[in-house]
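Reviewing the structure listed below.
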Amino acid sequence: MTITTELQGKANRYLWMQAKGWDDMAASGEPMIIDHANGVSVTDIEGNTWLDVNGGYSSINIGYGRKQMADVVKNQMLELSYYPEQTTTFPNALLAEKLAEITPGDLSRVWPVSGGSEANEIAVRMARAYHVRRGDKGRYKIISRYGSYHGATSGVAWLGRPSSLGLNQYEPGPLGMIYASQPNPFSCSWGGKSPSECAVLCAQDIENLIIQNDPDTIAAIIGEPITSSLGAVVPGQEYWPIVREICDRYGILLIDDEVVCGFGRTGRMFGIEHFGVTPDIMTLAKGLGSSYVPIGATIVSTKVADAFAGKENIFYAALTAGGHPVSTASALENINIIEQEDLVEASAVKGRYFIEKLNGLSDKHSVIGDVRGIGLLVAIELVGEFTIDDEDLGVWLVNTFKKNGLLLRTLSSRVIQMSPPLCVTETEIDFIIDGLDATLTKLSSHISKV
Ligand SMILES: Cc1ncc(COP(=O)(O)O)c(C=O)c1O
């Protein structure tokens, strides 16, 4: 028995891994045992190296293996390993100030948490509690967009109702979930022929839903500025400004989920900046700490924060790991690296190069129906009919990418989203393109109709 098979045996016997079955894994010689990582590359216990095109879970913005991150974490642990967030600590105060400085508009009061699901749970609770404190007790409904993902915990799992979560087994879900269409120019639910047309029609869909569901009962609208859960769906430029205006007109709060899009992922510090819109609440995780340690945050505007001022208005919630000083110290260093190395601009520039190369690839492979994205959040969507069924196609693609040196998940079997660390080089992007090319060339023998 090798060390790999021994560890696989233990994992398949005792560990409950994410979105995978232990029997399937045992049968197919999984899981991989990842041992170390540096920059954009990860290496398994047997010394095989791959380029991590997923960037973890679209979260390793600064790349793997930064020594200064380890130094900061170690020093913070030695200095003060933990203290609850009813007092505060040096790194927490500094991080809150930093987030207030770099987020748009007057977003300025920070509630630290330990991940994206928690950030969105808190955002939804704050939105509802905000209306109650203003005497508007009937507002509890939340509008999200079909297919969006905002987290896995019991409340936010229902936002977007993503098909991957199999939510019907947990019914009944929370009351007041309303689902709008996604402004996806490639397959606009309302038949929009251009990104702009689709944007306007999908924003109109939100207003129609508000009217149908009684405007006075709607608390908030939540969305990612660029929908990562459906593969880098960039709405037409009109979408977010119209949604912002609708929110203002009906007294509804706008929650901007920047868990994936934040911290340079889309070539701006925050995705919503592409649209010139300021949300009322913004949620952060992933790129906030580049997954060196768990961290997330919910940040609100002065208007929202003011509703919670005063003894009688306190927001009662406490999370043991919220504002953990080791996490906040490491997030500060992570932001420092993003700023010092100008990784936001790097993401914009490399993203343009990536999209150009993907367009070249789509000229060669007619199976690529759409190339989309912005910054280093890009995707291709496959079209056509295959001799393998959809579920097997996803597995086939992942395995073939792997043989070509790429770690790459598919979202649905036909949507392949790529979000490498923001320090990826053009040479590494060329390597990704070569791996995609080789995989799609091999796929051609499984295509029955394009
Ligand atoms: C857009 C978005 N929001 C929220 C979450 C939940 O974040 P976490 O997994 O840190 O709880 C995710 C996770 O993938 C996400 O993609």
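Going by the structure tokens order, chains are called A, B, ..., each with residues numbered from 1, while ligands are numbered from 1 in the order shown.
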Requested in this report: Please provide as a VMD selection string all residues within 8 Å of Pro112 of chain A, with the sequence filter that same-chain residues fewer than 3 positions apart are discarded (counting only C-alpha atoms).
Outcome: chain A and resid 119 295 to 298 322 to 323
How about saving the chosen residues, N, CA and C atoms kept, as a PDB file, in the first residue's frame?
ATOM      1  N   ALA A 119     -21.801  35.632   5.468  1.00  0.00           N
ATOM      2  CA  ALA A 119     -21.917  37.059   5.082  1.00  0.00           C
ATOM      3  C   ALA A 119     -23.303  37.321   4.491  1.00  0.00           C
ATOM      4  N   ILE A 295     -12.380  33.700   6.122  1.00  0.00           N
ATOM      5  CA  ILE A 295     -12.848  35.044   6.508  1.00  0.00           C
ATOM      6  C   ILE A 295     -13.910  35.530   5.529  1.00  0.00           C
ATOM      7  N   GLY A 296     -14.834  36.318   6.037  1.00  0.00           N
ATOM      8  CA  GLY A 296     -15.825  36.988   5.204  1.00  0.00           C
ATOM      9  C   GLY A 296     -16.248  38.255   5.922  1.00  0.00           C
ATOM     10  N   ALA A 297     -17.072  39.056   5.273  1.00  0.00           N
ATOM     11  CA  ALA A 297     -17.557  40.274   5.932  1.00  0.00           C
ATOM     12  C   ALA A 297     -18.820  40.761   5.230  1.00  0.00           C
ATOM     13  N   THR A 298     -19.657  41.435   6.000  1.00  0.00           N
ATOM     14  CA  THR A 298     -20.820  42.133   5.453  1.00  0.00           C
ATOM     15  C   THR A 298     -20.578  43.609   5.745  1.00  0.00           C
ATOM     16  N   GLY A 322     -16.297  35.148  14.073  1.00  0.00           N
ATOM     17  CA  GLY A 322     -16.429  36.440  13.384  1.00  0.00           C
ATOM     18  C   GLY A 322     -15.422  37.431  13.941  1.00  0.00           C
ATOM     19  N   GLY A 323     -14.616  38.012  13.083  1.00  0.00           N
ATOM     20  CA  GLY A 323     -13.599  38.955  13.545  1.00  0.00           C
ATOM     21  C   GLY A 323     -12.435  38.270  14.235  1.00  0.00           C
TER      22      GLY A 323
END
Query raised in the report: Leu382 of chain A: which residues within 12 Å, counting only C-alpha atoms, same-chain residues fewer than 3 positions away excluded, as number ranges by chain?
Result: A: 186, 231, 362, 365-372, 379, 385-386, 390, 393-394, 397, 410-417, 440, 443-444, 447, 449-450
Report task. Write out as a PyMOL selection string each polymer residue whose atoms come within 12 Å of Asp106 of chain A, counting only C-alpha atoms; drop sequence neighbours fewer than 6 positions from it. Result -> chain A and resi 99-100+277-282+299-306
Convert the current residue selection to file output with C-alpha atoms, as a PDB file, in the first residue's frame.
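Listed below is the output, part.pdb:
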ATOM      1  CA  LEU A  99     -12.726  47.958   3.770  1.00  0.00           C
ATOM      2  CA  ALA A 100     -14.612  51.213   4.325  1.00  0.00           C
ATOM      3  CA  VAL A 277     -23.649  51.527  -8.810  1.00  0.00           C
ATOM      4  CA  THR A 278     -23.404  51.635  -5.013  1.00  0.00           C
ATOM      5  CA  PRO A 279     -25.282  48.891  -3.172  1.00  0.00           C
ATOM      6  CA  ASP A 280     -26.761  49.251   0.316  1.00  0.00           C
ATOM      7  CA  ILE A 281     -25.083  46.089   1.557  1.00  0.00           C
ATOM      8  CA  MET A 282     -22.070  44.254   0.157  1.00  0.00           C
ATOM      9  CA  ILE A 299     -20.422  45.868   4.929  1.00  0.00           C
ATOM     10  CA  VAL A 300     -23.331  48.308   4.941  1.00  0.00           C
ATOM     11  CA  SER A 301     -23.973  51.910   3.936  1.00  0.00           C
ATOM     12  CA  THR A 302     -24.419  54.705   6.434  1.00  0.00           C
ATOM     13  CA  LYS A 303     -28.173  54.668   5.738  1.00  0.00           C
ATOM     14  CA  VAL A 304     -28.437  50.995   6.746  1.00  0.00           C
ATOM     15  CA  ALA A 305     -26.029  51.308   9.688  1.00  0.00           C
ATOM     16  CA  ASP A 306     -27.910  54.321  11.060  1.00  0.00           C
TER      17      ASP A 306
END
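As for atom CA of Asp430 of chain A and atom CA of Ile226 of chain A, they are spaced 24.4 Å apart.
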Around ligand 1, at most 9 Å away and counting only C-alpha atoms and all ligand atoms, which residues are there? Put them as a CSV table (one decimal) with C-alpha atoms, in the first residue's frame, please.
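Heads up, here's the output in out35.csv:
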chain,number,residue,atom,x,y,z
A,57,TYR,CA,-12.9,27.9,-5.3
A,58,SER,CA,-12.3,31.1,-7.3
A,59,SER,CA,-10.7,32.3,-4.2
A,114,SER,CA,-15.9,33.6,8.5
A,115,GLY,CA,-17.2,32.9,5.0
A,116,GLY,CA,-19.6,33.9,2.2
A,117,SER,CA,-22.6,32.0,3.3
A,118,GLU,CA,-22.4,33.7,6.7
A,119,ALA,CA,-21.9,37.1,5.1
A,120,ASN,CA,-25.1,36.6,3.0
A,148,SER,CA,-27.5,32.1,-8.6
A,149,TYR,CA,-25.5,30.6,-5.7
A,150,HIS,CA,-25.2,32.6,-2.5
A,151,GLY,CA,-24.2,29.9,0.0
A,152,ALA,CA,-24.9,26.5,1.5
A,153,THR,CA,-26.5,27.3,4.9
A,156,VAL,CA,-29.2,31.5,1.8
A,223,GLY,CA,-27.2,39.4,-6.8
A,224,GLU,CA,-23.7,39.0,-8.0
A,227,THR,CA,-22.9,35.9,-12.1
A,228,SER,CA,-20.1,33.4,-11.4
A,229,SER,CA,-22.5,30.5,-10.5
A,257,ASP,CA,-22.7,39.6,-3.4
A,258,GLU,CA,-19.0,40.2,-4.1
A,259,VAL,CA,-17.9,36.9,-2.6
A,260,VAL,CA,-16.4,35.8,-6.0
A,261,CYS,CA,-16.2,39.2,-7.8
A,283,THR,CA,-20.9,40.8,1.1
A,284,LEU,CA,-17.3,39.7,0.9
A,285,ALA,CA,-15.3,36.4,1.4
A,286,LYS,CA,-13.0,34.3,-0.8
A,294,PRO,CA,-11.4,31.5,6.5
A,295,ILE,CA,-12.8,35.0,6.5
A,296,GLY,CA,-15.8,37.0,5.2
